[in-house]
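Novice: Right, I'll just put the structure down here and ask away after.
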Amino acid sequence: MRQLIAGNWKMHGLSAALSEIETVAETAVASAPNADILICPPATLVSRAAQAAAGRIAIGGQDCHPEPQGAFTGDISAEMLRDAGASAVIVGHSERRQYYGEDSALVAAKARAAWRAGLLAIICIGETESQRNLGDHLNVCASQLTDSVPQEARVANTAIAYEPVWAIGTGKTATPDDIAAMHAHIRECLVGRVGEQARGIRILYGGSVKPGNAREILRTPEVGGALVGGASLSAPEFQAIFSEASP
Ligand code: PEP
């Protein structure tokens with residue numbers, strides 16, 4: 001399984017940041033010949049990012065509307081992302097769930113929209129700190145997965161990102177044992193939901209992945225890659241992470 005190392009720039013990046021994408025694109029194949037590298041910049045940069053990447057790395061969106069077009073002021077469809085040069089889109093990021101009230105049914109509709117447009121859907125799930133403290137984390141992630149991942153999910157069109165909410169942007173990371181246990185649990189839920197072919201679907205870990213912990217995380221069983229926020233904004237930091245992808 002080729003690991004997928006995806007950068008989520010969130011609401012960061014003006015034109016000047018395109019040079020980071022050029023640098024990443026120049027180094028990706030040599031640093032991580034057996035991994036897929038993706039950067040999801042803000043929508044305003046997708047088109048120019050795709051030009052800067054020149055096919056050497058993939059470019060994605062951070063969200064999409066379920067409909068292909070319509071009277072949805074401010075929204076962007078999966079088709080528009082594809083048209084701008086994206087090949088993937090993140091759906092159901094915890095910041096979307098938390099700040100915009102997105103529920104798992106909407107996330108599933110967005111995943112279907114991604115597939116309709118020919119994009120890889122990176123479907124995010126993850127528990128809050130209080131859910132983990134209560135010991136509910138396995139159940140919470142299982143039900144988010146069941147409700148957010150449509151049964152048509154396949155290896156070629158889907159990746160799952162397990163991102164414990166308490167680890168995003170906090171500098172805290174789940175331990176390798178916790179990551180391995182959760183990813184194994186997600187794998188079994190996924191197989192139960194979409195069948196044996198789900199064994200090939202990549203399950204990414206996200207939450208304060210940094211150059212200093214990337215190797216350990218990317219060598220953890222059932223980790224099919226990483227979703228990286230803050231550390232993906234700087235080309236050298238992101239490169240230090242993806243160069244640790246499994247050979
Ligand atoms: C994210 O944005 O999905 C994320 C994991 O952020 P960070 O790496 O900054 O914790």
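Quick note on naming: the chains in the structure tokens go A, B, ... in the order shown, residues restart at 1 in each chain, and ligands are numbered from 1 in order of appearance.
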Might you pull out every residue within 7 Å of range 69-80 of chain A, with only C-alpha atoms counted and same-chain residues fewer than 6 positions away left off, and present them as a list of chain:residue names?
Specialist: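 Neighbouring residues, sequence-local ones excluded: A:Ala113, A:Ala114, A:Ala117.
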Novice: Can you check which parts of chain A lie within 10 Å of ligand 1? Per residue, the shortest pair of atoms and distance in Å to one decimal, counting only C-alpha atoms and all ligand atoms, sorted by chain and number, as a Markdown table.
Specialist:
```
| residue | atom | partner | partner_atom_place_in_ligand_line | distance |
| --- | --- | --- | --- | --- |
| A:Ala6 | CA | ligand 1 | 3 (O) | 9.1 |
| A:Gly7 | CA | ligand 1 | 2 (O) | 7.8 |
| A:Asn8 | CA | ligand 1 | 2 (O) | 5.4 |
| A:Trp9 | CA | ligand 1 | 2 (O) | 7.2 |
| A:Lys10 | CA | ligand 1 | 2 (O) | 6.6 |
| A:Gln62 | CA | ligand 1 | 2 (O) | 9.7 |
| A:Ile90 | CA | ligand 1 | 3 (O) | 9.2 |
| A:His93 | CA | ligand 1 | 3 (O) | 6.8 |
| A:Ser94 | CA | ligand 1 | 3 (O) | 7.9 |
| A:Glu95 | CA | ligand 1 | 2 (O) | 8.2 |
| A:Cys124 | CA | ligand 1 | 3 (O) | 8.4 |
| A:Ala161 | CA | ligand 1 | 3 (O) | 8.4 |
| A:Tyr162 | CA | ligand 1 | 5 (C) | 9.2 |
| A:Glu163 | CA | ligand 1 | 5 (C) | 6.3 |
| A:Pro164 | CA | ligand 1 | 5 (C) | 8.5 |
| A:Val165 | CA | ligand 1 | 5 (C) | 8.4 |
| A:Trp166 | CA | ligand 1 | 10 (O) | 8.8 |
| A:Ala167 | CA | ligand 1 | 10 (O) | 5.9 |
| A:Ile168 | CA | ligand 1 | 10 (O) | 3.4 |
| A:Gly169 | CA | ligand 1 | 10 (O) | 3.6 |
| A:Thr170 | CA | ligand 1 | 10 (O) | 6.2 |
| A:Gly171 | CA | ligand 1 | 10 (O) | 6.8 |
| A:Lys172 | CA | ligand 1 | 10 (O) | 8.2 |
| A:Thr173 | CA | ligand 1 | 10 (O) | 8.4 |
| A:Tyr205 | CA | ligand 1 | 5 (C) | 8.0 |
| A:Gly206 | CA | ligand 1 | 5 (C) | 4.2 |
| A:Gly207 | CA | ligand 1 | 5 (C) | 3.7 |
| A:Ser208 | CA | ligand 1 | 10 (O) | 3.5 |
| A:Val209 | CA | ligand 1 | 8 (O) | 5.2 |
| A:Lys210 | CA | ligand 1 | 8 (O) | 7.3 |
| A:Ala226 | CA | ligand 1 | 5 (C) | 8.3 |
| A:Leu227 | CA | ligand 1 | 3 (O) | 5.6 |
| A:Val228 | CA | ligand 1 | 8 (O) | 4.1 |
| A:Gly229 | CA | ligand 1 | 6 (O) | 3.3 |
| A:Gly230 | CA | ligand 1 | 9 (O) | 3.8 |
| A:Ala231 | CA | ligand 1 | 8 (O) | 6.1 |
| A:Ser232 | CA | ligand 1 | 8 (O) | 7.6 |
| A:Leu233 | CA | ligand 1 | 9 (O) | 9.5 |
```
Novice: Go ahead and save the residues from that selection, with N, CA and C atoms, as a short mmCIF file (atom, residue, chain, number, x, y, z; two decimals), in the first residue's frame.
Specialist:
```cif
data_model
loop_
_atom_site.label_atom_id
_atom_site.label_comp_id
_atom_site.auth_asym_id
_atom_site.auth_seq_id
_atom_site.Cartn_x
_atom_site.Cartn_y
_atom_site.Cartn_z
N ALA A 6 -0.84 13.85 3.16
CA ALA A 6 -1.67 14.96 2.69
C ALA A 6 -1.49 16.16 3.60
N GLY A 7 -1.33 17.32 3.00
CA GLY A 7 -1.23 18.56 3.77
C GLY A 7 -2.52 19.34 3.68
N ASN A 8 -3.01 19.79 4.81
CA ASN A 8 -4.23 20.60 4.87
C ASN A 8 -3.82 22.00 5.32
N TRP A 9 -3.87 22.93 4.39
CA TRP A 9 -3.40 24.29 4.71
C TRP A 9 -4.46 25.10 5.46
N LYS A 10 -5.67 24.58 5.58
CA LYS A 10 -6.77 25.32 6.23
C LYS A 10 -6.85 26.73 5.62
N GLN A 62 -10.42 21.44 0.34
CA GLN A 62 -10.59 21.18 1.80
C GLN A 62 -12.03 20.88 2.17
N ILE A 90 -10.91 16.92 0.96
CA ILE A 90 -11.15 16.52 2.35
C ILE A 90 -12.63 16.78 2.64
N HIS A 93 -13.92 17.29 7.87
CA HIS A 93 -12.88 17.68 8.84
C HIS A 93 -13.56 18.13 10.13
N SER A 94 -12.94 17.88 11.26
CA SER A 94 -13.60 18.19 12.54
C SER A 94 -13.88 19.68 12.68
N GLU A 95 -13.08 20.52 12.00
CA GLU A 95 -13.38 21.96 12.06
C GLU A 95 -14.67 22.28 11.33
N CYS A 124 -12.99 12.39 7.06
CA CYS A 124 -12.40 12.53 8.40
C CYS A 124 -13.37 12.12 9.50
N ALA A 161 -9.46 9.51 7.23
CA ALA A 161 -8.48 10.16 8.11
C ALA A 161 -9.01 10.09 9.54
N TYR A 162 -8.26 9.37 10.37
CA TYR A 162 -8.59 9.34 11.80
C TYR A 162 -7.85 10.51 12.46
N GLU A 163 -8.61 11.46 12.95
CA GLU A 163 -8.01 12.65 13.57
C GLU A 163 -8.67 12.89 14.91
N PRO A 164 -8.04 12.44 16.00
CA PRO A 164 -8.61 12.76 17.31
C PRO A 164 -8.65 14.28 17.47
N VAL A 165 -9.81 14.82 17.78
CA VAL A 165 -9.99 16.28 17.78
C VAL A 165 -9.02 16.94 18.75
N TRP A 166 -8.74 16.27 19.86
CA TRP A 166 -7.87 16.84 20.89
C TRP A 166 -6.40 16.89 20.46
N ALA A 167 -6.09 16.25 19.34
CA ALA A 167 -4.70 16.24 18.86
C ALA A 167 -4.48 17.24 17.72
N ILE A 168 -5.56 17.84 17.21
CA ILE A 168 -5.42 18.72 16.05
C ILE A 168 -4.96 20.10 16.51
N GLY A 169 -3.79 20.50 16.05
CA GLY A 169 -3.28 21.84 16.33
C GLY A 169 -2.89 22.06 17.78
N THR A 170 -2.77 21.01 18.55
CA THR A 170 -2.50 21.15 19.98
C THR A 170 -1.08 20.73 20.36
N GLY A 171 -0.39 20.06 19.45
CA GLY A 171 0.93 19.52 19.80
C GLY A 171 0.84 18.19 20.53
N LYS A 172 -0.39 17.75 20.86
CA LYS A 172 -0.56 16.43 21.49
C LYS A 172 -0.78 15.41 20.38
N THR A 173 -0.21 14.23 20.53
CA THR A 173 -0.52 13.17 19.55
C THR A 173 -0.98 11.93 20.30
N TYR A 205 -3.52 8.90 9.69
CA TYR A 205 -3.60 9.49 11.03
C TYR A 205 -3.36 10.98 10.89
N GLY A 206 -4.13 11.78 11.64
CA GLY A 206 -3.90 13.23 11.68
C GLY A 206 -4.02 13.74 13.09
N GLY A 207 -3.21 14.75 13.40
CA GLY A 207 -3.24 15.36 14.73
C GLY A 207 -1.82 15.61 15.18
N SER A 208 -1.32 16.84 14.89
CA SER A 208 0.02 17.25 15.32
C SER A 208 1.12 16.31 14.81
N VAL A 209 0.98 15.86 13.57
CA VAL A 209 2.10 15.13 12.96
C VAL A 209 3.19 16.15 12.62
N LYS A 210 4.40 15.87 13.05
CA LYS A 210 5.53 16.80 12.91
C LYS A 210 6.74 16.01 12.43
N ALA A 226 -0.65 10.11 6.44
CA ALA A 226 -0.90 11.15 7.45
C ALA A 226 -1.64 12.32 6.83
N LEU A 227 -2.47 12.95 7.63
CA LEU A 227 -3.08 14.23 7.26
C LEU A 227 -2.43 15.27 8.17
N VAL A 228 -1.74 16.20 7.55
CA VAL A 228 -0.86 17.13 8.27
C VAL A 228 -1.40 18.55 8.13
N GLY A 229 -1.63 19.22 9.23
CA GLY A 229 -2.09 20.60 9.18
C GLY A 229 -0.92 21.57 9.21
N GLY A 230 -0.65 22.13 10.38
CA GLY A 230 0.34 23.19 10.54
C GLY A 230 1.69 22.90 9.89
N ALA A 231 2.17 21.69 10.03
CA ALA A 231 3.51 21.38 9.53
C ALA A 231 3.55 21.24 8.01
N SER A 232 2.40 21.32 7.34
CA SER A 232 2.43 21.23 5.88
C SER A 232 2.59 22.61 5.23
N LEU A 233 2.57 23.67 6.05
CA LEU A 233 2.65 25.02 5.48
C LEU A 233 4.07 25.37 5.05
#
```
Novice: What's the separation between CA of Val91 in chain A and CA of Thr128 in chain A, in Å to one decimal place?
Specialist: 17.6 Å
Novice: Can you tell me, as a list in words, what residues are no more than 12 Å from range 97-103 of chain A when counting only C-alpha atoms, ignoring any on the same chain fewer than 2 positions away?
Specialist: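 What passes the distance filter is Asp63, Cys64, His65, Pro66, Val91, Gly92, His93, Ser94, Glu95, Ala105, Leu106, Val107, Ala108, Ala109, Lys110, Ile123, Cys124, Ile125, Gly126, Glu127, Thr128, Ser143, Gln144, Leu145, Asp147, Ser148 and Val165 of chain A.
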Novice: Suppose we keep C-alpha atoms; can you now write the selection as a compact mmCIF listing (two decimals), in the first residue's frame?
Specialist:
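File result.txt, as written:
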```
# COMPACT_ATOMS: atom_id res chain seq x y z
CA ASP A 63 -14.37 20.86 1.44
CA CYS A 64 -17.07 20.75 -1.22
CA HIS A 65 -20.81 21.21 -1.52
CA PRO A 66 -22.87 18.08 -2.24
CA VAL A 91 -14.69 16.06 3.69
CA GLY A 92 -15.93 16.03 7.27
CA HIS A 93 -12.88 17.68 8.84
CA SER A 94 -13.60 18.19 12.54
CA GLU A 95 -13.38 21.96 12.06
CA ALA A 105 -25.10 12.46 6.69
CA LEU A 106 -23.89 15.67 5.06
CA VAL A 107 -20.34 14.34 5.05
CA ALA A 108 -21.55 11.19 3.24
CA ALA A 109 -23.30 13.39 0.65
CA LYS A 110 -20.07 15.32 0.15
CA ILE A 123 -13.31 11.31 4.90
CA CYS A 124 -12.40 12.53 8.40
CA ILE A 125 -13.56 11.06 11.68
CA GLY A 126 -12.32 11.40 15.25
CA GLU A 127 -13.38 11.68 18.85
CA THR A 128 -13.21 14.68 21.19
CA SER A 143 -20.74 5.43 14.29
CA GLN A 144 -19.12 8.39 12.53
CA LEU A 145 -17.62 5.94 10.05
CA ASP A 147 -22.77 7.34 8.87
CA SER A 148 -20.08 9.25 6.92
CA VAL A 165 -9.99 16.28 17.78
```
Novice: Name the residues in contact with Gly195 in chain A at a cut-off of 12 Å, using only C-alpha atoms, excluding same-chain residues fewer than 5 positions from it; report them as number ranges by chain.
Specialist: A: 150-155, 187-190, 200-201
Novice: Can you check which residues of range 73-246 of chain A DSSP gives as alpha helix (DSSP H) on the backbone and send them as an mmCIF file with N, CA and C atoms, in the first residue's frame?
Specialist:
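Final file, selection18.cif:
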```cif
data_model
loop_
_atom_site.group_PDB
_atom_site.id
_atom_site.type_symbol
_atom_site.label_atom_id
_atom_site.label_comp_id
_atom_site.auth_asym_id
_atom_site.auth_seq_id
_atom_site.Cartn_x
_atom_site.Cartn_y
_atom_site.Cartn_z
ATOM 1 N N ALA A 78 -17.612 19.959 -5.988
ATOM 2 C CA ALA A 78 -16.525 19.022 -6.298
ATOM 3 C C ALA A 78 -16.105 19.177 -7.760
ATOM 4 N N GLU A 79 -17.096 19.409 -8.637
ATOM 5 C CA GLU A 79 -16.784 19.588 -10.062
ATOM 6 C C GLU A 79 -15.896 20.821 -10.270
ATOM 7 N N MET A 80 -16.169 21.882 -9.489
ATOM 8 C CA MET A 80 -15.343 23.104 -9.628
ATOM 9 C C MET A 80 -13.909 22.838 -9.185
ATOM 10 N N LEU A 81 -13.770 22.060 -8.116
ATOM 11 C CA LEU A 81 -12.416 21.722 -7.656
ATOM 12 C C LEU A 81 -11.690 20.915 -8.728
ATOM 13 N N ARG A 82 -12.400 19.955 -9.283
ATOM 14 C CA ARG A 82 -11.809 19.116 -10.336
ATOM 15 C C ARG A 82 -11.393 19.983 -11.527
ATOM 16 N N ASP A 83 -12.291 20.902 -11.894
ATOM 17 C CA ASP A 83 -12.044 21.791 -13.029
ATOM 18 C C ASP A 83 -10.811 22.669 -12.778
ATOM 19 N N ALA A 84 -10.585 22.997 -11.500
ATOM 20 C CA ALA A 84 -9.445 23.853 -11.148
ATOM 21 C C ALA A 84 -8.143 23.059 -11.058
ATOM 22 N N SER A 94 -12.941 17.876 11.263
ATOM 23 C CA SER A 94 -13.597 18.189 12.541
ATOM 24 C C SER A 94 -13.885 19.683 12.681
ATOM 25 N N GLU A 95 -13.080 20.523 11.998
ATOM 26 C CA GLU A 95 -13.377 21.964 12.065
ATOM 27 C C GLU A 95 -14.670 22.281 11.328
ATOM 28 N N ARG A 96 -14.946 21.554 10.250
ATOM 29 C CA ARG A 96 -16.241 21.719 9.549
ATOM 30 C C ARG A 96 -17.378 21.191 10.426
ATOM 31 N N ARG A 97 -17.138 20.050 11.054
ATOM 32 C CA ARG A 97 -18.200 19.477 11.906
ATOM 33 C C ARG A 97 -18.471 20.414 13.083
ATOM 34 N N GLN A 98 -17.396 20.952 13.679
ATOM 35 C CA GLN A 98 -17.531 21.755 14.898
ATOM 36 C C GLN A 98 -18.057 23.166 14.620
ATOM 37 N N TYR A 99 -17.461 23.857 13.621
ATOM 38 C CA TYR A 99 -17.804 25.271 13.424
ATOM 39 C C TYR A 99 -18.981 25.486 12.483
ATOM 40 N N TYR A 100 -19.288 24.497 11.648
ATOM 41 C CA TYR A 100 -20.364 24.667 10.662
ATOM 42 C C TYR A 100 -21.475 23.652 10.869
ATOM 43 N N SER A 104 -22.757 13.718 9.974
ATOM 44 C CA SER A 104 -22.183 12.650 9.152
ATOM 45 C C SER A 104 -22.995 12.402 7.885
ATOM 46 N N ALA A 105 -24.300 12.651 7.909
ATOM 47 C CA ALA A 105 -25.103 12.458 6.693
ATOM 48 C C ALA A 105 -24.655 13.445 5.614
ATOM 49 N N LEU A 106 -24.376 14.674 6.023
ATOM 50 C CA LEU A 106 -23.889 15.665 5.058
ATOM 51 C C LEU A 106 -22.495 15.272 4.557
ATOM 52 N N VAL A 107 -21.681 14.765 5.444
ATOM 53 C CA VAL A 107 -20.336 14.338 5.048
ATOM 54 C C VAL A 107 -20.441 13.213 4.000
ATOM 55 N N ALA A 108 -21.363 12.280 4.214
ATOM 56 C CA ALA A 108 -21.551 11.190 3.241
ATOM 57 C C ALA A 108 -21.990 11.758 1.889
ATOM 58 N N ALA A 109 -22.859 12.764 1.910
ATOM 59 C CA ALA A 109 -23.304 13.388 0.647
ATOM 60 C C ALA A 109 -22.126 14.071 -0.045
ATOM 61 N N LYS A 110 -21.251 14.665 0.736
ATOM 62 C CA LYS A 110 -20.072 15.315 0.150
ATOM 63 C C LYS A 110 -19.109 14.272 -0.428
ATOM 64 N N ALA A 111 -18.990 13.127 0.243
ATOM 65 C CA ALA A 111 -18.131 12.063 -0.298
ATOM 66 C C ALA A 111 -18.677 11.596 -1.653
ATOM 67 N N ARG A 112 -19.991 11.432 -1.726
ATOM 68 C CA ARG A 112 -20.596 11.022 -3.011
ATOM 69 C C ARG A 112 -20.353 12.090 -4.085
ATOM 70 N N ALA A 113 -20.421 13.354 -3.681
ATOM 71 C CA ALA A 113 -20.169 14.443 -4.642
ATOM 72 C C ALA A 113 -18.726 14.357 -5.150
ATOM 73 N N ALA A 114 -17.811 14.074 -4.239
ATOM 74 C CA ALA A 114 -16.400 13.935 -4.650
ATOM 75 C C ALA A 114 -16.274 12.843 -5.704
ATOM 76 N N TRP A 115 -16.922 11.700 -5.453
ATOM 77 C CA TRP A 115 -16.822 10.580 -6.415
ATOM 78 C C TRP A 115 -17.460 10.939 -7.751
ATOM 79 N N ARG A 116 -18.600 11.624 -7.671
ATOM 80 C CA ARG A 116 -19.291 12.033 -8.911
ATOM 81 C C ARG A 116 -18.351 12.861 -9.785
ATOM 82 N N GLU A 129 -11.876 15.058 23.156
ATOM 83 C CA GLU A 129 -11.147 14.656 24.364
ATOM 84 C C GLU A 129 -12.104 14.062 25.405
ATOM 85 N N SER A 130 -13.271 14.688 25.558
ATOM 86 C CA SER A 130 -14.177 14.176 26.594
ATOM 87 C C SER A 130 -14.719 12.802 26.194
ATOM 88 N N GLN A 131 -14.957 12.586 24.916
ATOM 89 C CA GLN A 131 -15.405 11.254 24.473
ATOM 90 C C GLN A 131 -14.327 10.209 24.763
ATOM 91 N N ARG A 132 -13.071 10.576 24.557
ATOM 92 C CA ARG A 132 -12.001 9.608 24.870
ATOM 93 C C ARG A 132 -11.924 9.377 26.384
ATOM 94 N N ASN A 133 -12.005 10.471 27.141
ATOM 95 C CA ASN A 133 -11.915 10.307 28.602
ATOM 96 C C ASN A 133 -13.036 9.431 29.151
ATOM 97 N N HIS A 137 -14.461 6.477 22.726
ATOM 98 C CA HIS A 137 -13.837 6.812 21.441
ATOM 99 C C HIS A 137 -14.066 5.763 20.358
ATOM 100 N N LEU A 138 -14.035 4.480 20.713
ATOM 101 C CA LEU A 138 -14.211 3.445 19.679
ATOM 102 C C LEU A 138 -15.631 3.491 19.124
ATOM 103 N N ASN A 139 -16.602 3.628 20.008
ATOM 104 C CA ASN A 139 -17.996 3.699 19.547
ATOM 105 C C ASN A 139 -18.266 4.954 18.723
ATOM 106 N N VAL A 140 -17.713 6.079 19.179
ATOM 107 C CA VAL A 140 -17.934 7.345 18.459
ATOM 108 C C VAL A 140 -17.385 7.238 17.036
ATOM 109 N N CYS A 141 -16.165 6.711 16.907
ATOM 110 C CA CYS A 141 -15.566 6.621 15.574
ATOM 111 C C CYS A 141 -16.294 5.600 14.708
ATOM 112 N N ALA A 142 -16.757 4.511 15.321
ATOM 113 C CA ALA A 142 -17.505 3.512 14.543
ATOM 114 C C ALA A 142 -18.786 4.132 13.994
ATOM 115 N N SER A 143 -19.487 4.894 14.814
ATOM 116 C CA SER A 143 -20.744 5.430 14.290
ATOM 117 C C SER A 143 -20.490 6.572 13.319
ATOM 118 N N GLN A 144 -19.454 7.364 13.540
ATOM 119 C CA GLN A 144 -19.120 8.391 12.527
ATOM 120 C C GLN A 144 -18.770 7.721 11.194
ATOM 121 N N LEU A 145 -18.020 6.636 11.276
ATOM 122 C CA LEU A 145 -17.623 5.937 10.054
ATOM 123 C C LEU A 145 -18.844 5.382 9.322
ATOM 124 N N THR A 146 -19.698 4.702 10.066
ATOM 125 C CA THR A 146 -20.890 4.104 9.440
ATOM 126 C C THR A 146 -21.747 5.167 8.762
ATOM 127 N N ASP A 147 -21.870 6.314 9.406
ATOM 128 C CA ASP A 147 -22.769 7.343 8.869
ATOM 129 C C ASP A 147 -22.098 8.253 7.836
ATOM 130 N N SER A 148 -20.773 8.314 7.832
ATOM 131 C CA SER A 148 -20.079 9.246 6.922
ATOM 132 C C SER A 148 -19.550 8.568 5.667
ATOM 133 N N PRO A 176 1.438 5.603 19.676
ATOM 134 C CA PRO A 176 1.399 4.579 18.623
ATOM 135 C C PRO A 176 0.451 3.433 18.968
ATOM 136 N N ASP A 177 0.403 3.032 20.227
ATOM 137 C CA ASP A 177 -0.516 1.942 20.607
ATOM 138 C C ASP A 177 -1.969 2.355 20.407
ATOM 139 N N ASP A 178 -2.293 3.586 20.805
ATOM 140 C CA ASP A 178 -3.672 4.060 20.627
ATOM 141 C C ASP A 178 -4.019 4.188 19.140
ATOM 142 N N ILE A 179 -3.053 4.669 18.368
ATOM 143 C CA ILE A 179 -3.304 4.811 16.922
ATOM 144 C C ILE A 179 -3.525 3.427 16.317
ATOM 145 N N ALA A 180 -2.657 2.472 16.677
ATOM 146 C CA ALA A 180 -2.781 1.119 16.112
ATOM 147 C C ALA A 180 -4.133 0.506 16.487
ATOM 148 N N ALA A 181 -4.541 0.691 17.740
ATOM 149 C CA ALA A 181 -5.812 0.103 18.182
ATOM 150 C C ALA A 181 -6.984 0.745 17.442
ATOM 151 N N MET A 182 -6.949 2.067 17.319
ATOM 152 C CA MET A 182 -8.055 2.733 16.630
ATOM 153 C C MET A 182 -8.087 2.384 15.145
ATOM 154 N N HIS A 183 -6.912 2.361 14.504
ATOM 155 C CA HIS A 183 -6.899 2.051 13.073
ATOM 156 C C HIS A 183 -7.377 0.618 12.816
ATOM 157 N N ALA A 184 -7.006 -0.307 13.697
ATOM 158 C CA ALA A 184 -7.489 -1.691 13.537
ATOM 159 C C ALA A 184 -9.010 -1.736 13.685
ATOM 160 N N HIS A 185 -9.516 -0.970 14.623
ATOM 161 C CA HIS A 185 -10.966 -0.901 14.842
ATOM 162 C C HIS A 185 -11.665 -0.299 13.613
ATOM 163 N N ILE A 186 -11.095 0.791 13.092
ATOM 164 C CA ILE A 186 -11.675 1.435 11.902
ATOM 165 C C ILE A 186 -11.649 0.452 10.736
ATOM 166 N N ARG A 187 -10.552 -0.281 10.608
ATOM 167 C CA ARG A 187 -10.447 -1.255 9.504
ATOM 168 C C ARG A 187 -11.576 -2.280 9.588
ATOM 169 N N GLU A 188 -11.818 -2.806 10.779
ATOM 170 C CA GLU A 188 -12.878 -3.826 10.904
ATOM 171 C C GLU A 188 -14.245 -3.219 10.623
ATOM 172 N N CYS A 189 -14.486 -1.994 11.091
ATOM 173 C CA CYS A 189 -15.765 -1.331 10.813
ATOM 174 C C CYS A 189 -15.935 -1.105 9.314
ATOM 175 N N LEU A 190 -14.838 -0.727 8.683
ATOM 176 C CA LEU A 190 -14.873 -0.445 7.244
ATOM 177 C C LEU A 190 -15.161 -1.720 6.456
ATOM 178 N N VAL A 191 -14.531 -2.811 6.850
ATOM 179 C CA VAL A 191 -14.772 -4.096 6.175
ATOM 180 C C VAL A 191 -16.232 -4.498 6.385
ATOM 181 N N GLY A 192 -16.730 -4.296 7.599
ATOM 182 C CA GLY A 192 -18.133 -4.616 7.868
ATOM 183 C C GLY A 192 -19.070 -3.778 7.010
ATOM 184 N N ARG A 193 -18.642 -2.577 6.723
ATOM 185 C CA ARG A 193 -19.526 -1.664 5.984
ATOM 186 C C ARG A 193 -19.449 -1.881 4.475
ATOM 187 N N VAL A 194 -18.234 -2.015 3.930
ATOM 188 C CA VAL A 194 -18.120 -2.055 2.458
ATOM 189 C C VAL A 194 -17.505 -3.348 1.934
ATOM 190 N N PRO A 211 7.807 16.706 12.006
ATOM 191 C CA PRO A 211 9.009 15.962 11.599
ATOM 192 C C PRO A 211 9.506 15.014 12.693
ATOM 193 N N GLY A 212 9.384 15.419 13.950
ATOM 194 C CA GLY A 212 9.933 14.610 15.037
ATOM 195 C C GLY A 212 9.138 13.358 15.378
ATOM 196 N N ASN A 213 7.880 13.274 14.985
ATOM 197 C CA ASN A 213 7.099 12.068 15.318
ATOM 198 C C ASN A 213 6.626 11.305 14.073
ATOM 199 N N ALA A 214 6.943 11.846 12.896
ATOM 200 C CA ALA A 214 6.397 11.257 11.661
ATOM 201 C C ALA A 214 6.852 9.811 11.463
ATOM 202 N N ARG A 215 8.115 9.546 11.737
ATOM 203 C CA ARG A 215 8.635 8.203 11.462
ATOM 204 C C ARG A 215 7.876 7.161 12.288
ATOM 205 N N GLU A 216 7.750 7.446 13.581
ATOM 206 C CA GLU A 216 7.079 6.489 14.476
ATOM 207 C C GLU A 216 5.616 6.297 14.052
ATOM 208 N N ILE A 217 4.947 7.394 13.739
ATOM 209 C CA ILE A 217 3.527 7.297 13.351
ATOM 210 C C ILE A 217 3.379 6.541 12.033
ATOM 211 N N LEU A 218 4.235 6.872 11.074
ATOM 212 C CA LEU A 218 4.091 6.252 9.749
ATOM 213 C C LEU A 218 4.529 4.789 9.729
ATOM 214 N N ALA A 235 7.516 24.061 3.317
ATOM 215 C CA ALA A 235 8.025 22.966 2.476
ATOM 216 C C ALA A 235 9.068 22.116 3.205
ATOM 217 N N PRO A 236 10.059 22.716 3.893
ATOM 218 C CA PRO A 236 11.049 21.856 4.550
ATOM 219 C C PRO A 236 10.436 20.968 5.635
ATOM 220 N N GLU A 237 9.477 21.508 6.398
ATOM 221 C CA GLU A 237 8.851 20.688 7.450
ATOM 222 C C GLU A 237 8.028 19.560 6.837
ATOM 223 N N PHE A 238 7.260 19.901 5.804
ATOM 224 C CA PHE A 238 6.412 18.886 5.170
ATOM 225 C C PHE A 238 7.299 17.811 4.536
ATOM 226 N N GLN A 239 8.374 18.268 3.904
ATOM 227 C CA GLN A 239 9.282 17.305 3.274
ATOM 228 C C GLN A 239 9.904 16.377 4.328
ATOM 229 N N ALA A 240 10.247 16.945 5.487
ATOM 230 C CA ALA A 240 10.834 16.119 6.554
ATOM 231 C C ALA A 240 9.824 15.057 7.000
ATOM 232 N N ILE A 241 8.537 15.358 6.883
ATOM 233 C CA ILE A 241 7.501 14.371 7.241
ATOM 234 C C ILE A 241 7.360 13.327 6.137
ATOM 235 N N PHE A 242 7.167 13.787 4.890
ATOM 236 C CA PHE A 242 6.882 12.751 3.867
ATOM 237 C C PHE A 242 8.113 11.928 3.513
#
```
Novice: As a ChimeraX atom specification, please: every residue in range 76-247 of chain A that DSSP puts in strand (DSSP E or B).
Specialist: /A:77,88-91,120-125,158-162,202-206,225-228
Novice: With only C-alpha atoms as the atoms that count, which of A:Val24, A:Ser15, A:Ser31, A:Ile57 lies nearest to Leu45 in chain A?
Specialist: A:Ser15
Novice: State, in Å with one decimal place, the distance from CA of Gln3 in chain A to CA of Ala28 in chain A.
Specialist: 13.0 Å
Novice: Which residue out of A:Glu67, A:Thr220, A:Asn34, A:Val29 has the minimum interatomic distance to Gly55 in chain A when only C-alpha atoms are used?
Specialist: A:Val29
Novice: Could you tell me how far CA of Leu120 in chain A lies from CA of Ser19 in chain A, in Å and to one decimal?
Specialist: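 Rounded to one decimal, the two atoms are 24.7 Å apart.
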Novice: Rank nothing, just name the residue among A:Gly224, A:Pro33, A:Gly85, A:Pro247 nearest to Ala53 in chain A, using only C-alpha atoms.
Specialist: A:Gly85
Novice: Here is a test: counting only C-alpha atoms, which residue of A:Ala86, A:Ala35, A:Ser47, A:Leu4 is nearest to Ile59 in chain A?
Specialist: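 That would be A:Ala86, the residue with the smallest distance to Ile59 in chain A.
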